[in-house]
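Just final-v3.cif here, mmCIF, N, CA and C atoms:
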data_input
loop_
_atom_site.label_atom_id
_atom_site.label_comp_id
_atom_site.auth_asym_id
_atom_site.auth_seq_id
_atom_site.Cartn_x
_atom_site.Cartn_y
_atom_site.Cartn_z
N MET T 1 6.08 8.19 13.60
CA MET T 1 5.43 6.92 13.83
C MET T 1 4.23 6.77 12.90
N ILE T 2 4.12 5.62 12.27
CA ILE T 2 3.03 5.35 11.34
C ILE T 2 1.76 5.05 12.14
N SER T 3 0.65 5.66 11.71
CA SER T 3 -0.62 5.37 12.39
C SER T 3 -1.66 4.90 11.38
N LYS T 4 -2.52 4.01 11.86
CA LYS T 4 -3.62 3.49 11.07
C LYS T 4 -4.91 3.80 11.82
N SER T 5 -5.97 4.10 11.09
CA SER T 5 -7.25 4.37 11.73
C SER T 5 -8.27 3.27 11.43
N MET T 6 -7.86 2.25 10.70
CA MET T 6 -8.74 1.14 10.37
C MET T 6 -8.03 -0.17 10.66
N ASP T 7 -8.82 -1.22 10.74
CA ASP T 7 -8.28 -2.57 10.82
C ASP T 7 -7.74 -2.92 9.43
N TRP T 8 -6.63 -3.64 9.38
CA TRP T 8 -5.99 -4.02 8.12
C TRP T 8 -5.82 -5.53 8.04
N ASN T 9 -5.92 -6.05 6.84
CA ASN T 9 -5.47 -7.40 6.57
C ASN T 9 -3.96 -7.36 6.83
N GLU T 10 -3.49 -8.18 7.75
CA GLU T 10 -2.10 -8.10 8.18
C GLU T 10 -1.11 -8.34 7.03
N LYS T 11 -1.44 -9.25 6.13
CA LYS T 11 -0.55 -9.51 4.98
C LYS T 11 -0.51 -8.32 4.04
N ALA T 12 -1.63 -7.65 3.84
CA ALA T 12 -1.66 -6.47 2.97
C ALA T 12 -0.83 -5.34 3.58
N TYR T 13 -0.95 -5.17 4.89
CA TYR T 13 -0.15 -4.13 5.57
C TYR T 13 1.33 -4.46 5.51
N ARG T 14 1.67 -5.72 5.75
CA ARG T 14 3.06 -6.14 5.70
C ARG T 14 3.65 -5.92 4.29
N ALA T 15 2.86 -6.21 3.27
CA ALA T 15 3.31 -6.00 1.89
C ALA T 15 3.57 -4.52 1.61
N LEU T 16 2.70 -3.66 2.11
CA LEU T 16 2.89 -2.23 1.91
C LEU T 16 4.16 -1.74 2.61
N ILE T 17 4.36 -2.15 3.85
CA ILE T 17 5.56 -1.75 4.59
C ILE T 17 6.81 -2.25 3.88
N LYS T 18 6.77 -3.49 3.43
CA LYS T 18 7.91 -4.09 2.73
C LYS T 18 8.22 -3.33 1.43
N ALA T 19 7.19 -2.92 0.73
CA ALA T 19 7.38 -2.20 -0.53
C ALA T 19 8.08 -0.86 -0.32
N PHE T 20 7.85 -0.24 0.81
CA PHE T 20 8.45 1.06 1.09
C PHE T 20 9.82 0.96 1.74
N SER T 21 10.24 -0.23 2.11
CA SER T 21 11.51 -0.39 2.82
C SER T 21 12.74 0.07 2.04
N PRO T 22 12.75 0.03 0.70
CA PRO T 22 13.94 0.52 -0.02
C PRO T 22 14.10 2.05 0.03
N MET T 23 13.05 2.76 0.41
CA MET T 23 13.13 4.23 0.44
C MET T 23 14.10 4.69 1.52
N PRO T 24 14.75 5.82 1.31
CA PRO T 24 15.60 6.38 2.36
C PRO T 24 14.78 6.63 3.63
N PRO T 25 15.32 6.28 4.78
CA PRO T 25 14.57 6.39 6.03
C PRO T 25 13.99 7.78 6.31
N HIS T 26 14.69 8.82 5.90
CA HIS T 26 14.24 10.18 6.21
C HIS T 26 12.97 10.59 5.46
N ILE T 27 12.60 9.87 4.40
CA ILE T 27 11.36 10.20 3.69
C ILE T 27 10.34 9.06 3.73
N ARG T 28 10.78 7.88 4.13
CA ARG T 28 9.91 6.70 4.12
C ARG T 28 8.66 6.88 4.96
N GLU T 29 8.81 7.32 6.19
CA GLU T 29 7.66 7.41 7.10
C GLU T 29 6.60 8.38 6.59
N LYS T 30 7.02 9.53 6.13
CA LYS T 30 6.07 10.53 5.64
C LYS T 30 5.35 10.01 4.38
N ALA T 31 6.10 9.41 3.47
CA ALA T 31 5.49 8.89 2.24
C ALA T 31 4.54 7.74 2.55
N LEU T 32 4.95 6.86 3.44
CA LEU T 32 4.11 5.73 3.81
C LEU T 32 2.83 6.19 4.49
N GLN T 33 2.92 7.18 5.35
CA GLN T 33 1.72 7.69 6.03
C GLN T 33 0.73 8.28 5.04
N LYS T 34 1.24 9.01 4.04
CA LYS T 34 0.36 9.57 3.01
C LYS T 34 -0.40 8.47 2.27
N VAL T 35 0.32 7.42 1.93
CA VAL T 35 -0.30 6.32 1.19
C VAL T 35 -1.31 5.59 2.07
N ILE T 36 -0.96 5.32 3.32
CA ILE T 36 -1.88 4.66 4.25
C ILE T 36 -3.16 5.48 4.40
N ASP T 37 -3.02 6.78 4.56
CA ASP T 37 -4.19 7.65 4.71
C ASP T 37 -5.09 7.58 3.48
N LYS T 38 -4.50 7.58 2.30
CA LYS T 38 -5.29 7.52 1.07
C LYS T 38 -5.97 6.16 0.90
N ILE T 39 -5.26 5.09 1.25
CA ILE T 39 -5.84 3.75 1.16
C ILE T 39 -7.03 3.63 2.12
N GLU T 40 -6.86 4.09 3.34
CA GLU T 40 -7.95 4.01 4.31
C GLU T 40 -9.14 4.86 3.89
N SER T 41 -8.90 6.01 3.34
CA SER T 41 -9.98 6.86 2.86
C SER T 41 -10.75 6.16 1.74
N TYR T 42 -10.03 5.55 0.83
CA TYR T 42 -10.64 4.81 -0.28
C TYR T 42 -11.49 3.66 0.26
N ALA T 43 -10.93 2.89 1.19
CA ALA T 43 -11.65 1.74 1.75
C ALA T 43 -12.91 2.20 2.48
N ARG T 44 -12.80 3.27 3.26
CA ARG T 44 -13.97 3.81 3.98
C ARG T 44 -15.05 4.26 2.99
N ASN T 45 -14.64 4.92 1.92
CA ASN T 45 -15.61 5.39 0.92
C ASN T 45 -16.36 4.24 0.26
N LEU T 46 -15.74 3.07 0.23
CA LEU T 46 -16.40 1.87 -0.30
C LEU T 46 -17.27 1.18 0.74
N GLY T 47 -17.21 1.68 1.97
CA GLY T 47 -17.98 1.07 3.05
C GLY T 47 -17.28 -0.10 3.71
N ALA T 48 -16.00 -0.27 3.45
CA ALA T 48 -15.25 -1.39 4.02
C ALA T 48 -14.97 -1.14 5.50
N LYS T 49 -14.96 -2.21 6.25
CA LYS T 49 -14.62 -2.15 7.67
C LYS T 49 -13.15 -2.45 7.90
N ARG T 50 -12.51 -3.00 6.86
CA ARG T 50 -11.13 -3.45 6.96
C ARG T 50 -10.42 -3.19 5.64
N VAL T 51 -9.16 -2.81 5.70
CA VAL T 51 -8.36 -2.60 4.50
C VAL T 51 -7.86 -3.96 4.02
N GLU T 52 -8.11 -4.24 2.75
CA GLU T 52 -7.71 -5.51 2.13
C GLU T 52 -6.71 -5.28 1.00
N PHE T 53 -6.18 -6.37 0.46
CA PHE T 53 -5.21 -6.29 -0.63
C PHE T 53 -5.71 -5.42 -1.78
N GLU T 54 -6.97 -5.61 -2.14
CA GLU T 54 -7.52 -4.88 -3.28
C GLU T 54 -7.46 -3.37 -3.08
N HIS T 55 -7.69 -2.92 -1.86
CA HIS T 55 -7.63 -1.48 -1.57
C HIS T 55 -6.19 -0.98 -1.72
N VAL T 56 -5.27 -1.74 -1.16
CA VAL T 56 -3.84 -1.36 -1.25
C VAL T 56 -3.42 -1.30 -2.71
N TYR T 57 -3.78 -2.31 -3.47
CA TYR T 57 -3.39 -2.37 -4.88
C TYR T 57 -3.99 -1.23 -5.69
N LYS T 58 -5.29 -1.03 -5.55
CA LYS T 58 -5.98 -0.01 -6.35
C LYS T 58 -5.43 1.39 -6.11
N VAL T 59 -5.32 1.78 -4.85
CA VAL T 59 -4.85 3.12 -4.52
C VAL T 59 -3.38 3.28 -4.86
N SER T 60 -2.58 2.30 -4.53
CA SER T 60 -1.15 2.39 -4.80
C SER T 60 -0.85 2.44 -6.28
N LYS T 61 -1.61 1.69 -7.04
CA LYS T 61 -1.43 1.71 -8.50
C LYS T 61 -1.64 3.12 -9.04
N GLU T 62 -2.71 3.76 -8.59
CA GLU T 62 -3.00 5.11 -9.06
C GLU T 62 -1.94 6.12 -8.60
N LEU T 63 -1.46 5.96 -7.38
CA LEU T 63 -0.48 6.90 -6.82
C LEU T 63 0.93 6.70 -7.35
N LEU T 64 1.32 5.46 -7.51
CA LEU T 64 2.73 5.16 -7.77
C LEU T 64 3.08 4.85 -9.21
N MET T 65 2.17 4.32 -9.97
CA MET T 65 2.51 3.81 -11.30
C MET T 65 3.15 4.86 -12.21
N SER T 66 2.61 6.03 -12.25
CA SER T 66 3.14 7.04 -13.17
C SER T 66 4.31 7.83 -12.58
N LYS T 67 4.29 8.06 -11.28
CA LYS T 67 5.31 8.91 -10.67
C LYS T 67 6.49 8.14 -10.11
N GLU T 68 6.22 7.03 -9.49
CA GLU T 68 7.25 6.27 -8.78
C GLU T 68 7.20 4.82 -9.25
N ARG T 69 7.57 4.60 -10.49
CA ARG T 69 7.44 3.26 -11.07
C ARG T 69 8.19 2.20 -10.26
N TYR T 70 9.38 2.53 -9.74
CA TYR T 70 10.14 1.54 -8.97
C TYR T 70 9.40 1.16 -7.69
N MET T 71 8.68 2.12 -7.08
CA MET T 71 7.90 1.83 -5.88
C MET T 71 6.69 0.96 -6.23
N TYR T 72 6.09 1.22 -7.37
CA TYR T 72 4.96 0.41 -7.81
C TYR T 72 5.40 -1.03 -8.01
N GLU T 73 6.52 -1.22 -8.68
CA GLU T 73 7.03 -2.57 -8.91
C GLU T 73 7.40 -3.25 -7.59
N SER T 74 7.96 -2.49 -6.66
CA SER T 74 8.27 -3.03 -5.35
C SER T 74 6.99 -3.48 -4.63
N LEU T 75 5.94 -2.68 -4.73
CA LEU T 75 4.67 -3.03 -4.11
C LEU T 75 4.09 -4.29 -4.74
N ILE T 76 4.10 -4.38 -6.05
CA ILE T 76 3.57 -5.56 -6.73
C ILE T 76 4.30 -6.80 -6.27
N ASN T 77 5.63 -6.73 -6.19
CA ASN T 77 6.41 -7.87 -5.71
C ASN T 77 6.08 -8.22 -4.27
N SER T 78 5.87 -7.22 -3.43
CA SER T 78 5.51 -7.46 -2.03
C SER T 78 4.13 -8.09 -1.92
N LEU T 79 3.18 -7.59 -2.69
CA LEU T 79 1.84 -8.16 -2.66
C LEU T 79 1.86 -9.62 -3.10
N LYS T 80 2.61 -9.91 -4.16
CA LYS T 80 2.73 -11.28 -4.63
C LYS T 80 3.36 -12.18 -3.57
N SER T 81 4.37 -11.67 -2.89
CA SER T 81 5.05 -12.48 -1.87
C SER T 81 4.13 -12.79 -0.69
N GLU T 82 3.09 -11.99 -0.50
CA GLU T 82 2.13 -12.23 0.57
C GLU T 82 0.91 -13.01 0.09
N GLY T 83 0.93 -13.45 -1.16
CA GLY T 83 -0.13 -14.31 -1.66
C GLY T 83 -1.22 -13.63 -2.47
N PHE T 84 -1.11 -12.32 -2.70
CA PHE T 84 -2.11 -11.63 -3.50
C PHE T 84 -1.80 -11.85 -4.97
N ARG T 85 -2.81 -12.21 -5.74
CA ARG T 85 -2.63 -12.48 -7.15
C ARG T 85 -2.77 -11.19 -7.95
N VAL T 86 -1.71 -10.82 -8.65
CA VAL T 86 -1.70 -9.60 -9.45
C VAL T 86 -1.61 -10.03 -10.92
N GLU T 87 -2.57 -9.58 -11.69
CA GLU T 87 -2.65 -9.98 -13.10
C GLU T 87 -1.82 -9.12 -14.03
N GLU T 88 -1.52 -7.90 -13.63
CA GLU T 88 -0.84 -6.98 -14.54
C GLU T 88 0.36 -6.34 -13.88
N LEU T 89 1.23 -5.83 -14.69
CA LEU T 89 2.37 -5.02 -14.24
C LEU T 89 2.49 -3.80 -15.10
#

Do you think you could lay out the structure here as structure tokens?
Amino acid sequence: MISKSMDWNEKAYRALIKAFSPMPPHIREKALQKVIDKIESYARNLGAKRVEFEHVYKVSKELLMSKERYMYESLINSLKSEGFRVEEL
């Protein structure tokens, strides 16, 4: 079961979940939890009270772009579908 320790922008969370949906179910939950934990840690370190699109984008870009390019592209598409403006790919 996925757990969050911070309040999230619902659209940002939905975009993250949607981006991970193509992953095989047996690894999706563990991978998603790792990313959520890193995003929340990043947001907390910035003093944020809530996880926003920018936090999801920044952390995911660093984690996924070089290792899991297809996941990065999936995330970018999910963020765009939720209304977040992404300038680069």

Tell me which residues the PyMOL selection byres ((chain T and resi 20) around 8) grabs here, as an MDAnalysis selection string. chainID T and resid 14:19 21:24 28:29 31:32 71 74:75

Measure the distance from CA of Arg69 in chain T to CA of Gln33 in chain T in Å and round it to one decimal.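 Between CA of Arg69 in chain T and CA of Gln33 in chain T the gap is 18.6 Å.
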
Hey, what's within 7 Å of Ile39 in chain T if we count all atoms listed in the file and toss same-chain stuff fewer than 4 positions away? As number ranges by chain, please? T: 34-35, 43-44, 51, 55-56, 59-60

Which distance in Å separates CA of Met6 in chain T and atom C of Glu54 in chain T, to one decimal?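 If I compute the distance from CA of Met6 in chain T to atom C of Glu54 in chain T, I get 14.2 Å.
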
Using the file's own x, y and z axes, so that the box edges lie along x, y and z, what centre and edge lengths in Å (one decimal) does a box around every listed atom of range 39-49 of chain T get when 4 Å is added on each side? Give it as lines of an AutoDock Vina configuration file.
center_x = -11.6
center_y = 2.2
center_z = 3.8
size_x = 20.7
size_y = 17.3
size_z = 16.2

Can you tell me, as a VMD selection string, which residues in chain T count as helix (DSSP H, G or I) by DSSP? chain T and resid 10 to 20 25 to 45 53 to 64 69 to 81

Do you know which residues the PyMOL selection byres (((chain T and resi 3 and name CA) around 9) and name CA) returns on this file, as a ChimeraX atom specification? /T:1-2,4-5,33,36-37

To one decimal place, how far is atom N of Asn45 in chain T from atom N of Ile27 in chain T in Å?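 Between atom N of Asn45 in chain T and atom N of Ile27 in chain T the gap is 27.8 Å.
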
Where in chain T does DSSP assign strand (DSSP E or B), given as a VMD selection string? chain T and resid 7 to 8 50 to 51
